[in-house]
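Q: Supplied in structure tokens, the structure appears directly below.
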Amino acid sequence: MPLGLLGKKKAKAKEAARLVGSQQLEAGGDSPPAQAPRRKLVFHTQLAHGSPTGRLEDFSSIQELYAKIAGAFEISPSEILYCTLNTPKVDMEKLLGVQIGLDDFIFAHVKGIEKEVSVYKSEDSLGLIITDNGNGYAFIKGIKDGSLIDSVKTICVGDHIESINGENITGWRHYDVAKKLKDLKKEEVFTLKLIEPKKAFEVQPRTKAGKSSAGQIGAGRGTLRLRSKGPATVEEMPSETETKAVQKIDDLLELYMGIRDFDLATTMFEAAKDKVNPDEFAVALDEVLGDFAFPDEFVFDVWGAIGDAKQGRL
């Protein structure tokens, strides 16, 4: 199917993806099923600003994980902004996604100080890189050096964006938030309501990093892969080729869409498996990620990055 015709089939592709996904789940698909956990997996957690250690087990999705963390510390799941692996710092390269190393320690960052910031949009680009926690909260993953937002020192990496110009965006995905910010009119003032993560007594530096999150997985031999549907599975660590390709796709997501999402990049890499040309790849993307409406140039660049990784050119 030519790439230019894909936009006309978004709704049908979305429904088809649901049907195909459920059929593959029942039938097992053409490929062998992922290895299921053979032993009871136990993870340990703390609140990033300081707490006793809690014990986590029996979860299969981000939502279930947040509920388990909330139960361990007797807080509401809605208090959790995001989690980092193996560090209590607001380190965007250690964000928890859908894969957790079997030896990883989970630190939960909870809501801290609320702040409201008004900014005059003097430039087209704000310099923000947006991501989300997979549970309804978008937050700032990076601030580009020398950008408009870089000059506003009250806006920090790790801040959750609760509202834009009074419109609550809880539940929005990162790409919707990035588009909303991009579409703000130039030469006008806009207002952000932010919530920063609760901090311990030490003062953390105002990080600007928005680099790839591929280093988030721990050093254990396997990872626990969380899923929105069905049980979590234990999988092998990604190969070097996959890691490099996913890192490049993550870079392209930032370039084209202003977001970084290692899990989304991984899904795109998996969609390219067994595809022989960019048209087949575009159809596969439309089936699993039709809501994104990726531009044709982006799809070609992602296909090229995956090919470069497989040929050892990255």
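Residues in the structure tokens are named by chain (A, B, ... in the order shown) and by number from 1 within that chain; ligands are numbered from 1 in the order shown.
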Check range 21-188 of chain A with DSSP on the backbone and list each residue it calls strand (DSSP E or B), as number ranges by chain.

A: A: 43-47, 54-56, 80-85, 95, 99-101, 105-120, 128-132, 138-143, 160-164, 167-168

Q: Save out the residues we just selected, C-alpha atoms, as a PDB file, in the first residue's frame.

A:
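Output contents, as saved in out_39.pdb:
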ATOM      1  CA  PHE A  43      10.950  -6.540  43.327  1.00  0.00           C
ATOM      2  CA  HIS A  44      11.811  -3.980  45.973  1.00  0.00           C
ATOM      3  CA  THR A  45      10.847  -0.342  46.068  1.00  0.00           C
ATOM      4  CA  GLN A  46      11.243   2.910  47.966  1.00  0.00           C
ATOM      5  CA  LEU A  47       9.777   6.377  47.629  1.00  0.00           C
ATOM      6  CA  GLY A  54       8.562  -2.162  50.203  1.00  0.00           C
ATOM      7  CA  ARG A  55       8.051  -5.495  48.465  1.00  0.00           C
ATOM      8  CA  LEU A  56       6.292  -5.832  45.099  1.00  0.00           C
ATOM      9  CA  ILE A  80       2.827   8.639  41.823  1.00  0.00           C
ATOM     10  CA  LEU A  81       4.266  10.719  38.977  1.00  0.00           C
ATOM     11  CA  TYR A  82       6.729   8.150  37.585  1.00  0.00           C
ATOM     12  CA  CYS A  83       9.397   5.678  38.665  1.00  0.00           C
ATOM     13  CA  THR A  84      13.128   5.403  38.097  1.00  0.00           C
ATOM     14  CA  LEU A  85      15.251   2.277  38.214  1.00  0.00           C
ATOM     15  CA  LEU A  95      12.871   5.930  33.752  1.00  0.00           C
ATOM     16  CA  GLN A  99      10.641  -3.510  30.836  1.00  0.00           C
ATOM     17  CA  ILE A 100      12.188  -4.020  34.261  1.00  0.00           C
ATOM     18  CA  GLY A 101      15.463  -5.831  34.815  1.00  0.00           C
ATOM     19  CA  PHE A 105      15.268  -1.585  42.359  1.00  0.00           C
ATOM     20  CA  ILE A 106      12.244   0.677  41.816  1.00  0.00           C
ATOM     21  CA  PHE A 107      12.085   4.243  43.147  1.00  0.00           C
ATOM     22  CA  ALA A 108       8.692   5.969  43.017  1.00  0.00           C
ATOM     23  CA  HIS A 109       8.577   9.748  42.606  1.00  0.00           C
ATOM     24  CA  VAL A 110       5.439  11.271  44.123  1.00  0.00           C
ATOM     25  CA  LYS A 111       3.765  14.653  43.850  1.00  0.00           C
ATOM     26  CA  GLY A 112       5.520  17.527  45.571  1.00  0.00           C
ATOM     27  CA  ILE A 113       5.217  21.289  45.205  1.00  0.00           C
ATOM     28  CA  GLU A 114       2.663  22.752  42.784  1.00  0.00           C
ATOM     29  CA  LYS A 115       3.661  25.807  40.774  1.00  0.00           C
ATOM     30  CA  GLU A 116       2.124  27.980  38.084  1.00  0.00           C
ATOM     31  CA  VAL A 117       4.375  29.594  35.489  1.00  0.00           C
ATOM     32  CA  SER A 118       3.466  32.134  32.803  1.00  0.00           C
ATOM     33  CA  VAL A 119       5.722  32.294  29.740  1.00  0.00           C
ATOM     34  CA  TYR A 120       5.769  34.686  26.794  1.00  0.00           C
ATOM     35  CA  LEU A 128      10.629  20.975  25.695  1.00  0.00           C
ATOM     36  CA  ILE A 129      10.813  17.196  25.296  1.00  0.00           C
ATOM     37  CA  ILE A 130       7.692  15.487  26.627  1.00  0.00           C
ATOM     38  CA  THR A 131       7.040  11.925  27.776  1.00  0.00           C
ATOM     39  CA  ASP A 132       4.427  10.252  29.985  1.00  0.00           C
ATOM     40  CA  ALA A 138       2.733  13.744  31.040  1.00  0.00           C
ATOM     41  CA  PHE A 139       5.948  15.332  32.236  1.00  0.00           C
ATOM     42  CA  ILE A 140       9.053  17.119  31.027  1.00  0.00           C
ATOM     43  CA  LYS A 141      11.796  14.708  30.002  1.00  0.00           C
ATOM     44  CA  GLY A 142      14.239  17.243  28.607  1.00  0.00           C
ATOM     45  CA  ILE A 143      14.905  20.943  28.101  1.00  0.00           C
ATOM     46  CA  HIS A 160       4.493  16.953  35.650  1.00  0.00           C
ATOM     47  CA  ILE A 161       2.377  19.191  33.401  1.00  0.00           C
ATOM     48  CA  GLU A 162      -1.089  19.256  34.967  1.00  0.00           C
ATOM     49  CA  SER A 163      -2.693  21.978  32.852  1.00  0.00           C
ATOM     50  CA  ILE A 164      -2.004  24.304  29.911  1.00  0.00           C
ATOM     51  CA  GLU A 167      -7.073  23.146  30.552  1.00  0.00           C
ATOM     52  CA  ASN A 168      -6.423  20.023  32.605  1.00  0.00           C
TER      53      ASN A 168
END

Q: Can you pull out every residue within 12 Å of Leu253 in chain A, counting only C-alpha atoms, but drop anything in the same chain fewer than 6 positions away, and send it as a list in words?

A: Ile129, Ile130, Thr131, His174, Tyr175, Ala178, Gly210, Lys211, Ser212, Val246, Gln247, Ile259, Arg260, Asp261, Phe262, Asp263, Leu264, Ala265, Thr266, Met268, Phe292, Phe294, Pro295, Glu297, Phe298, Val299, Asp301 and Val302 of chain A

Q: Give me the residues near Asp308 in chain A as a PDB file with N, CA and C atoms, in the first residue's frame, where near means some atom within 12 Å (using only C-alpha atoms) and where sequence neighbours in that chain fewer than 2 positions away do not count.

A:
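Wrote it out as part.pdb, contents follow:
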ATOM      1  N   THR A 241      21.975  -4.935  18.214  1.00  0.00           N
ATOM      2  CA  THR A 241      21.322  -4.357  17.035  1.00  0.00           C
ATOM      3  C   THR A 241      20.004  -3.687  17.412  1.00  0.00           C
ATOM      4  N   GLU A 242      19.190  -4.383  18.211  1.00  0.00           N
ATOM      5  CA  GLU A 242      17.904  -3.817  18.631  1.00  0.00           C
ATOM      6  C   GLU A 242      18.118  -2.560  19.467  1.00  0.00           C
ATOM      7  N   LYS A 244      20.605  -0.393  19.450  1.00  0.00           N
ATOM      8  CA  LYS A 244      21.033   0.742  18.625  1.00  0.00           C
ATOM      9  C   LYS A 244      19.880   1.262  17.772  1.00  0.00           C
ATOM     10  N   ALA A 245      19.086   0.352  17.209  1.00  0.00           N
ATOM     11  CA  ALA A 245      17.957   0.769  16.377  1.00  0.00           C
ATOM     12  C   ALA A 245      16.929   1.531  17.204  1.00  0.00           C
ATOM     13  N   VAL A 246      16.628   1.028  18.382  1.00  0.00           N
ATOM     14  CA  VAL A 246      15.633   1.679  19.235  1.00  0.00           C
ATOM     15  C   VAL A 246      16.125   3.052  19.683  1.00  0.00           C
ATOM     16  N   LYS A 248      18.046   5.030  17.988  1.00  0.00           N
ATOM     17  CA  LYS A 248      17.909   5.920  16.830  1.00  0.00           C
ATOM     18  C   LYS A 248      16.448   6.310  16.607  1.00  0.00           C
ATOM     19  N   ILE A 249      15.530   5.349  16.766  1.00  0.00           N
ATOM     20  CA  ILE A 249      14.108   5.642  16.622  1.00  0.00           C
ATOM     21  C   ILE A 249      13.667   6.652  17.686  1.00  0.00           C
ATOM     22  N   ASP A 301      12.321   7.384   7.485  1.00  0.00           N
ATOM     23  CA  ASP A 301      13.536   7.550   8.292  1.00  0.00           C
ATOM     24  C   ASP A 301      13.682   6.430   9.320  1.00  0.00           C
ATOM     25  N   VAL A 302      12.566   6.025   9.930  1.00  0.00           N
ATOM     26  CA  VAL A 302      12.615   4.919  10.900  1.00  0.00           C
ATOM     27  C   VAL A 302      13.003   3.623  10.199  1.00  0.00           C
ATOM     28  N   TRP A 303      12.406   3.375   9.041  1.00  0.00           N
ATOM     29  CA  TRP A 303      12.753   2.177   8.275  1.00  0.00           C
ATOM     30  C   TRP A 303      14.246   2.180   7.924  1.00  0.00           C
ATOM     31  N   GLY A 304      14.753   3.342   7.521  1.00  0.00           N
ATOM     32  CA  GLY A 304      16.169   3.448   7.203  1.00  0.00           C
ATOM     33  C   GLY A 304      17.057   3.223   8.414  1.00  0.00           C
ATOM     34  N   ALA A 305      16.635   3.729   9.582  1.00  0.00           N
ATOM     35  CA  ALA A 305      17.427   3.545  10.802  1.00  0.00           C
ATOM     36  C   ALA A 305      17.498   2.079  11.192  1.00  0.00           C
ATOM     37  N   ILE A 306      16.372   1.381  11.051  1.00  0.00           N
ATOM     38  CA  ILE A 306      16.366  -0.051  11.380  1.00  0.00           C
ATOM     39  C   ILE A 306      17.261  -0.818  10.424  1.00  0.00           C
ATOM     40  N   LYS A 310      20.685  -3.024  11.349  1.00  0.00           N
ATOM     41  CA  LYS A 310      20.870  -4.414  10.964  1.00  0.00           C
ATOM     42  C   LYS A 310      22.136  -4.616  10.138  1.00  0.00           C
ATOM     43  N   GLN A 311      22.536  -3.584   9.382  1.00  0.00           N
ATOM     44  CA  GLN A 311      23.736  -3.666   8.552  1.00  0.00           C
ATOM     45  C   GLN A 311      24.996  -3.203   9.301  1.00  0.00           C
ATOM     46  N   GLY A 312      24.835  -2.856  10.586  1.00  0.00           N
ATOM     47  CA  GLY A 312      25.975  -2.445  11.385  1.00  0.00           C
ATOM     48  C   GLY A 312      26.485  -1.047  11.072  1.00  0.00           C
ATOM     49  N   ARG A 313      25.617  -0.185  10.537  1.00  0.00           N
ATOM     50  CA  ARG A 313      26.041   1.156  10.152  1.00  0.00           C
ATOM     51  C   ARG A 313      25.742   2.193  11.240  1.00  0.00           C
ATOM     52  N   LEU A 314      25.186   1.791  12.358  1.00  0.00           N
ATOM     53  CA  LEU A 314      24.919   2.745  13.444  1.00  0.00           C
ATOM     54  C   LEU A 314      26.002   2.641  14.516  1.00  0.00           C
TER      55      LEU A 314
END

Q: Range 136-271 of chain A: which residues are helix (DSSP H, G or I) by DSSP, as a tab-separated table (two decimals) with C-alpha atoms, in the first residue's frame?

A:
chain	number	residue	atom	x	y	z
A	149	ILE	CA	12.15	27.25	28.40
A	150	ASP	CA	15.83	26.92	29.32
A	151	SER	CA	15.68	30.58	30.38
A	174	HIS	CA	2.73	12.71	25.48
A	175	TYR	CA	2.24	13.31	21.76
A	176	ASP	CA	-1.05	15.16	22.40
A	177	VAL	CA	0.64	17.35	25.02
A	178	ALA	CA	3.58	18.06	22.70
A	179	LYS	CA	1.17	19.06	19.91
A	180	LYS	CA	-0.80	21.31	22.27
A	181	LEU	CA	2.40	23.11	23.27
A	182	LYS	CA	3.57	23.38	19.67
A	214	ALA	CA	17.66	2.91	26.41
A	215	GLY	CA	19.91	2.55	29.44
A	216	GLN	CA	16.96	2.15	31.77
A	240	GLU	CA	22.99	-4.85	20.43
A	241	THR	CA	21.32	-4.36	17.03
A	242	GLU	CA	17.90	-3.82	18.63
A	243	THR	CA	19.33	-1.45	21.24
A	244	LYS	CA	21.03	0.74	18.62
A	245	ALA	CA	17.96	0.77	16.38
A	246	VAL	CA	15.63	1.68	19.24
A	247	GLN	CA	17.97	4.47	20.35
A	248	LYS	CA	17.91	5.92	16.83
A	249	ILE	CA	14.11	5.64	16.62
A	250	ASP	CA	13.90	7.44	19.98
A	251	ASP	CA	16.03	10.24	18.49
A	252	LEU	CA	13.68	10.45	15.50
A	253	LEU	CA	10.63	10.64	17.79
A	254	GLU	CA	12.17	13.70	19.41
A	255	LEU	CA	13.07	15.25	16.07
A	256	TYR	CA	9.66	14.80	14.47
A	257	MET	CA	7.26	14.85	17.43
A	262	PHE	CA	11.76	4.10	24.58
A	263	ASP	CA	8.78	1.76	24.82
A	264	LEU	CA	7.12	3.29	21.75
A	265	ALA	CA	10.43	3.05	19.87
A	266	THR	CA	10.68	-0.63	20.84
A	267	THR	CA	7.15	-1.28	19.57
A	268	MET	CA	8.07	0.33	16.25
A	269	PHE	CA	11.19	-1.82	15.96
A	270	GLU	CA	9.13	-4.95	16.61
A	271	ALA	CA	6.62	-3.89	13.94

Q: Using only C-alpha atoms, determine which residues lie at most 10 Å from Glu64 in chain A, disregarding the query and same-chain residues fewer than 5 positions distant; provide the list as JSON, numbers by chain.

A: {"A": [57, 58, 59, 69, 70, 77, 135, 226, 228]}

Q: May I have the residues within 6 Å of Gly136 in chain A as a count of residues only, using only C-alpha atoms and disregarding those fewer than 2 positions away in the same chain?

A: 3

Q: To one decimal in Å, tell me the separation between CA of Val42 in chain A and CA of Lys89 in chain A.

A: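 Taking CA of Val42 in chain A and CA of Lys89 in chain A, their separation equals 22.5 Å.
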